[in-house]
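J.: Shown below is the structure under consideration.
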Amino acid sequence: MGAKSLYSVRNLEFSYGSGQPAALTIPRLEIGEGQCLAFAGPNGSGKTTLMMLFNDLLPGGGESAAFAGELWFRGEPVRRGMSCFHPRALRKSTAYMHQHPYVLAGSVAHNMSFVCRARGISGQAAIEASAKALKLVGLEDFAARRQKGLSGGEAQRLALARVIASGAEVLLLDEPTASADAASRDRIVAALAQLVENGTTIIFSSHEQDIIDRIARRVLVFERGAIIQDIGR
Amino acid sequence: MAQAFELLLRGDAETWGIIGRSLSFSFFATIFSLIPGIPLGVFMAWKASKGRRILASLIHAISALPTVVIGLFVYAFLSRSGPLGFLGFLYAPAGVILGQFFLAMPLVASVTYTGLAKLDPRFKETLETFGTPLLFKFSATLREAKMAVLSSVVLSFGRVIGEVGVSMMLGGNIRGLTRTMTTAIALDAAKGEFERAISLGLVLLLIAVAVNVTVNGLASHGR
């Protein structure tokens with residue numbers, strides 16, 4: 001593992017349920033700090049699985065999953081075989097955004113304040129972090145809007161604003177433009193470009209080549225649970 | 001039937017006393033049952049393990065037990081020779097409330113668990129990804145599933161207000177002290193005095209309708 005390694009993977013094999021075929025097999029992978037990394041490849045090729053493993057969101061073992069190999073975050077073990085370590089540093093430093101994000105019942109402002117409270121950000125800092133994140137994704141006038149009144153693209157922008165406001169240094173974004181219309185897509189891409197410029201580490205998956213070309217410095221191409229190409233390393 | 005209505009309309013003190021007592025016993029039993037019932041329901045929904053499934057099955061089974069069985073178990077504890085006999089709860093309002101608490105609590109846990117189990121799995125992952133602290137996770141979960149939680153409260157109240165086994169066994173149907181609507185109906189019907197029994201039956205019917213309308217309203221609001 002390099003000194004500036006963000007994620008290190010060794011002989012990883014993951015399957016959803018013991019006896020199930022492997023959903024992901026990665027002999028070796030290093031991801032550095034400050035990178036903007038894209039996961040490309042068809043549906044079901046393992047992109048979401050790796051992203052969720054990177055955020056420690058998948059089950060540890062038993063009936064629901066089987067894990068072999070090692071996964072490290074900033075030199076701390078996340079998983080070693082069937083042992084899960086749930087490092088606090090990983091939880092504090094990373095945030096994952098679903099392809100179809102879950103928006104909490106209530107207003108946009110409620111969703112933002114939820115994230116700030118969850119992360120221990122309070123008072124003026126929370127107000128500023130929320131306002132800044134909403135402005136970045138173009139939702140600064142949506143604070144009072146209810147969850148049920150949001151379009152797919154607006155929900156995705158809100159979800160992006162939440163992960164930005166969380167203060168995470170590493171954003172794991174699963175197809176961040178999947179539900180977005182052209183306008184929302186442009187706002188999301190512009191926001192991501194700005195975050196990359198500011199040094200935020202972004203790992204995202206996408207089927208849209210133009211977005212990958214515009215933002216990503218490195219591309220991992222997945223197929224059937226394996227990385228078949230590593231471009232721009 | 002006309003005399004039954006008259007009893008209610010002219011504000012018969014004993015009839016309204018029984019109604020008030022029933023409502024207060026059931027109110028306190030339901031409120032107390034929420035304290036362990038809701039966290040238990042949330043715990044069962046959060047913990048994905050074989051033990052959780054066994055516990056959930058057990059809670060579901062207990063919530064469907066006949067009221068006299070619950071009454072019998074609680075009676076064994078509260079009777080003079082029982083381990084809690086020194087409390088003097090038997091044939092007292094506290095005994096009825098305690099018995100009704102044990103009726104309501106598994107139902108609160110069971111309905112809360114069932115409602116929470118239907119929550120989108122992405123909700124739990126959203127809580128996880130932001131490292132939400134335990135207490136805040138609990139309150140956010142209740143907020144997100146508030147319709148299921150409110151349903152559990154209303155259903156539990158409906159179960160305890162309409163039960164007769166616990167009230168009879170632990171309260172003893174003592175006039176002016178532990179007589180509730182259901183025990184009064186049983187007594188009056190046995191004596192052949194149907195006016196009060198019918199008037200109380202009408203009140204129970206109204207409560208049952210209100211409970212069902214509320215639960216259906218909550219369910220459709222939650223969709």
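Going through the structure tokens in order, the chains are called A, B, and so on, while each chain numbers its residues from 1 and the ligands are numbered from 1 in the order shown.
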Pick out the chain A residues within 10 Å of chain B. Count only C-alpha atoms. Give them as a PyMOL selection string.
T.: chain A and resi 52+55-59+62-64+88+90-98+100-106+114-120+159+162-163+166-168
J.: With N, CA, C and O atoms retained, write the just-selected residues as a short mmCIF file (atom, residue, chain, number, x, y, z; two decimals), in the first residue's frame.
T.:
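Heads up, here's the output in again-v7.cif:
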```cif
data_model
loop_
_atom_site.label_atom_id
_atom_site.label_comp_id
_atom_site.auth_asym_id
_atom_site.auth_seq_id
_atom_site.Cartn_x
_atom_site.Cartn_y
_atom_site.Cartn_z
N MET A 52 -20.44 0.38 -2.77
CA MET A 52 -21.06 0.16 -1.46
C MET A 52 -20.08 -0.49 -0.49
O MET A 52 -20.10 -0.21 0.71
N ASN A 55 -18.06 2.10 1.00
CA ASN A 55 -18.74 2.87 2.04
C ASN A 55 -19.18 1.97 3.20
O ASN A 55 -19.96 2.39 4.06
N ASP A 56 -18.72 0.71 3.20
CA ASP A 56 -19.03 -0.21 4.30
C ASP A 56 -20.54 -0.39 4.47
O ASP A 56 -21.06 -0.41 5.58
N LEU A 57 -21.24 -0.52 3.36
CA LEU A 57 -22.70 -0.62 3.42
C LEU A 57 -23.23 -2.03 3.14
O LEU A 57 -24.42 -2.25 3.23
N LEU A 58 -22.33 -2.95 2.82
CA LEU A 58 -22.83 -4.30 2.50
C LEU A 58 -22.64 -5.24 3.67
O LEU A 58 -21.76 -5.03 4.50
N PRO A 59 -23.49 -6.27 3.75
CA PRO A 59 -23.42 -7.18 4.91
C PRO A 59 -22.07 -7.88 5.00
O PRO A 59 -21.38 -8.08 4.00
N GLY A 62 -22.18 -14.47 6.63
CA GLY A 62 -23.30 -15.29 7.07
C GLY A 62 -24.18 -15.64 5.88
O GLY A 62 -23.68 -15.87 4.78
N GLU A 63 -25.51 -15.62 6.11
CA GLU A 63 -26.42 -16.05 5.06
C GLU A 63 -26.48 -15.03 3.92
O GLU A 63 -26.73 -15.37 2.78
N SER A 64 -26.28 -13.73 4.27
CA SER A 64 -26.59 -12.70 3.29
C SER A 64 -25.42 -12.31 2.39
O SER A 64 -25.62 -11.66 1.38
N ARG A 88 -14.11 4.08 11.97
CA ARG A 88 -14.84 5.36 12.14
C ARG A 88 -14.36 6.40 11.13
O ARG A 88 -15.12 7.23 10.67
N LEU A 90 -13.56 5.94 8.11
CA LEU A 90 -14.24 5.74 6.83
C LEU A 90 -15.64 6.35 6.88
O LEU A 90 -16.07 7.06 5.97
N ARG A 91 -16.35 6.12 7.96
CA ARG A 91 -17.71 6.63 8.10
C ARG A 91 -17.72 8.16 8.12
O ARG A 91 -18.59 8.79 7.56
N LYS A 92 -16.70 8.74 8.75
CA LYS A 92 -16.65 10.20 8.87
C LYS A 92 -16.20 10.87 7.57
O LYS A 92 -16.58 12.00 7.28
N SER A 93 -15.37 10.14 6.80
CA SER A 93 -14.73 10.80 5.64
C SER A 93 -15.42 10.52 4.32
O SER A 93 -15.09 11.16 3.32
N THR A 94 -16.33 9.55 4.29
CA THR A 94 -16.94 9.19 3.01
C THR A 94 -18.46 9.32 3.08
O THR A 94 -19.05 9.29 4.17
N ALA A 95 -19.08 9.49 1.94
CA ALA A 95 -20.55 9.48 1.87
C ALA A 95 -20.96 8.90 0.53
O ALA A 95 -20.33 9.17 -0.50
N TYR A 96 -21.99 8.09 0.57
CA TYR A 96 -22.44 7.38 -0.63
C TYR A 96 -23.79 7.94 -1.08
O TYR A 96 -24.67 8.21 -0.26
N MET A 97 -23.95 8.09 -2.38
CA MET A 97 -25.22 8.56 -2.95
C MET A 97 -25.78 7.48 -3.88
O MET A 97 -25.09 7.04 -4.80
N HIS A 98 -27.03 7.07 -3.59
CA HIS A 98 -27.66 6.03 -4.40
C HIS A 98 -27.95 6.53 -5.83
O HIS A 98 -28.17 7.72 -6.04
N HIS A 100 -30.75 5.94 -7.34
CA HIS A 100 -32.06 6.54 -7.15
C HIS A 100 -32.13 6.91 -5.67
O HIS A 100 -32.47 6.07 -4.84
N PRO A 101 -31.77 8.14 -5.34
CA PRO A 101 -31.57 8.48 -3.93
C PRO A 101 -32.85 8.40 -3.11
O PRO A 101 -33.95 8.61 -3.64
N TYR A 102 -32.69 8.10 -1.83
CA TYR A 102 -33.81 8.11 -0.90
C TYR A 102 -33.89 9.51 -0.32
O TYR A 102 -32.95 9.97 0.34
N VAL A 103 -35.01 10.17 -0.56
CA VAL A 103 -35.21 11.51 0.01
C VAL A 103 -36.13 11.37 1.21
O VAL A 103 -37.19 10.76 1.12
N LEU A 104 -35.71 11.89 2.34
CA LEU A 104 -36.51 11.78 3.56
C LEU A 104 -37.82 12.53 3.41
O LEU A 104 -37.87 13.58 2.75
N ALA A 105 -38.87 11.99 4.05
CA ALA A 105 -40.16 12.68 4.03
C ALA A 105 -40.00 14.06 4.66
O ALA A 105 -39.32 14.21 5.67
N GLY A 106 -40.61 15.05 4.05
CA GLY A 106 -40.49 16.42 4.56
C GLY A 106 -39.87 17.33 3.51
O GLY A 106 -39.85 17.00 2.32
N PHE A 114 -31.07 17.22 8.47
CA PHE A 114 -30.84 15.84 8.92
C PHE A 114 -29.36 15.46 8.76
O PHE A 114 -28.73 14.93 9.67
N VAL A 115 -28.82 15.74 7.57
CA VAL A 115 -27.43 15.37 7.29
C VAL A 115 -26.48 16.10 8.24
O VAL A 115 -25.56 15.50 8.80
N CYS A 116 -26.75 17.39 8.43
CA CYS A 116 -25.87 18.17 9.30
C CYS A 116 -25.92 17.62 10.73
O CYS A 116 -24.88 17.44 11.38
N ARG A 117 -27.12 17.33 11.21
CA ARG A 117 -27.24 16.78 12.58
C ARG A 117 -26.56 15.42 12.67
O ARG A 117 -25.88 15.12 13.65
N ALA A 118 -26.75 14.59 11.64
CA ALA A 118 -26.14 13.25 11.64
C ALA A 118 -24.62 13.36 11.71
O ALA A 118 -23.96 12.54 12.35
N ARG A 119 -24.07 14.39 11.07
CA ARG A 119 -22.62 14.57 11.03
C ARG A 119 -22.10 15.42 12.19
O ARG A 119 -20.92 15.73 12.25
N GLY A 120 -23.02 15.86 13.05
CA GLY A 120 -22.60 16.67 14.20
C GLY A 120 -22.29 18.11 13.84
O GLY A 120 -21.56 18.79 14.55
N ALA A 159 -29.84 15.01 -3.27
CA ALA A 159 -28.99 13.96 -2.69
C ALA A 159 -27.51 14.35 -2.80
O ALA A 159 -26.72 14.11 -1.88
N ARG A 162 -26.77 16.88 -0.22
CA ARG A 162 -26.64 16.26 1.12
C ARG A 162 -25.23 15.72 1.33
O ARG A 162 -24.64 15.94 2.39
N VAL A 163 -24.72 15.00 0.34
CA VAL A 163 -23.38 14.43 0.56
C VAL A 163 -22.31 15.52 0.60
O VAL A 163 -21.32 15.40 1.32
N SER A 166 -22.43 17.14 3.99
CA SER A 166 -21.95 16.25 5.05
C SER A 166 -20.48 16.49 5.36
O SER A 166 -19.98 16.02 6.39
N GLY A 167 -19.81 17.18 4.47
CA GLY A 167 -18.39 17.47 4.70
C GLY A 167 -17.48 16.30 4.39
O GLY A 167 -16.29 16.32 4.74
N ALA A 168 -18.01 15.28 3.73
CA ALA A 168 -17.18 14.11 3.40
C ALA A 168 -16.08 14.49 2.43
O ALA A 168 -16.31 15.29 1.51
#
```
J.: Mind the document's chain letters and residue numbers, and return as a list in words the residues of range 69-106 of chain A that DSSP labels helix (DSSP H, G or I).
T.: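 Filtering range 69-106 of chain A down to helix (DSSP H, G or I) leaves Arg88, Ala89, Leu90, Arg91, Lys92 and Ser93 of chain A.
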J.: Would you pick out the contacts of Glu33 in chain A at 10 Å or less, using only C-alpha atoms, so that residues sharing its chain but fewer than 5 positions from it are not included, and give the list as a PyMOL selection string?
T.: chain A and resi 3-7+74+169-170+199-202
J.: Go ahead and write the selection's residues with C-alpha atoms as a PDB file, in the first residue's frame.
T.:
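To be explicit, this is the file written out as selection_13.pdb:
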```pdb
ATOM      1  CA  ALA A   3       1.618   6.149   1.646  1.00  0.00           C
ATOM      2  CA  LYS A   4      -1.161   8.200   0.006  1.00  0.00           C
ATOM      3  CA  SER A   5      -3.397   5.265  -0.727  1.00  0.00           C
ATOM      4  CA  LEU A   6      -7.089   5.951  -0.124  1.00  0.00           C
ATOM      5  CA  TYR A   7      -8.438   2.475  -0.856  1.00  0.00           C
ATOM      6  CA  ARG A  74      -6.285   5.040   4.476  1.00  0.00           C
ATOM      7  CA  GLU A 169     -13.780  14.221   1.747  1.00  0.00           C
ATOM      8  CA  VAL A 170     -14.599  11.211  -0.428  1.00  0.00           C
ATOM      9  CA  GLY A 199      -9.670  18.679  -4.355  1.00  0.00           C
ATOM     10  CA  THR A 200     -12.585  16.496  -3.246  1.00  0.00           C
ATOM     11  CA  THR A 201     -12.058  12.843  -4.050  1.00  0.00           C
ATOM     12  CA  ILE A 202     -14.907  11.639  -6.239  1.00  0.00           C
TER      13      ILE A 202
END
```
J.: Name all residues at most 12 Å from Arg146 in chain A (count only C-alpha atoms; drop same-chain ones fewer than 3 positions away) and give them as a PyMOL selection string.
T.: chain A and resi 103-111+142-143+149-151+154-155+158
J.: Would you mind listing what lies within 9 Å of Gln3 in chain B as an MDAnalysis selection string, with only C-alpha atoms counted and same-chain residues fewer than 2 positions away left out?
T.: chainID B and resid 1 5:8 195:196 199
J.: Given only C-alpha atoms, how would the per-residue table for range 20-139 of chain A near range 178-195 of chain A read, listing every residue at most 12 Å away with its closest atom pair and distance in Å to one decimal, sorted by chain and number, as a Markdown table?
T.:
```
| residue | atom | partner | partner_atom | distance |
| --- | --- | --- | --- | --- |
| A:Gly34 | CA | A:Leu195 | CA | 10.4 |
| A:Gln35 | CA | A:Leu195 | CA | 11.1 |
| A:Cys36 | CA | A:Leu192 | CA | 9.5 |
| A:Leu37 | CA | A:Leu192 | CA | 11.7 |
| A:Met97 | CA | A:Ala178 | CA | 11.6 |
| A:His98 | CA | A:Ala178 | CA | 9.9 |
| A:Gln99 | CA | A:Ala178 | CA | 6.4 |
| A:His100 | CA | A:Ser179 | CA | 7.1 |
| A:Pro101 | CA | A:Ser179 | CA | 9.4 |
| A:Lys132 | CA | A:Ala191 | CA | 11.3 |
| A:Ala133 | CA | A:Ala191 | CA | 9.2 |
| A:Leu134 | CA | A:Ala191 | CA | 10.3 |
| A:Lys135 | CA | A:Ala191 | CA | 9.5 |
| A:Leu136 | CA | A:Ala191 | CA | 5.8 |
| A:Val137 | CA | A:Arg187 | CA | 5.8 |
| A:Gly138 | CA | A:Arg187 | CA | 6.7 |
| A:Leu139 | CA | A:Arg187 | CA | 9.7 |
```
J.: If you measure from CA of Gly201 in chain B to CA of Gly176 in chain B, what distance in Å do you get, rounded to one decimal?
T.: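 Result for CA of Gly201 in chain B versus CA of Gly176 in chain B: 18.6 Å, one decimal.
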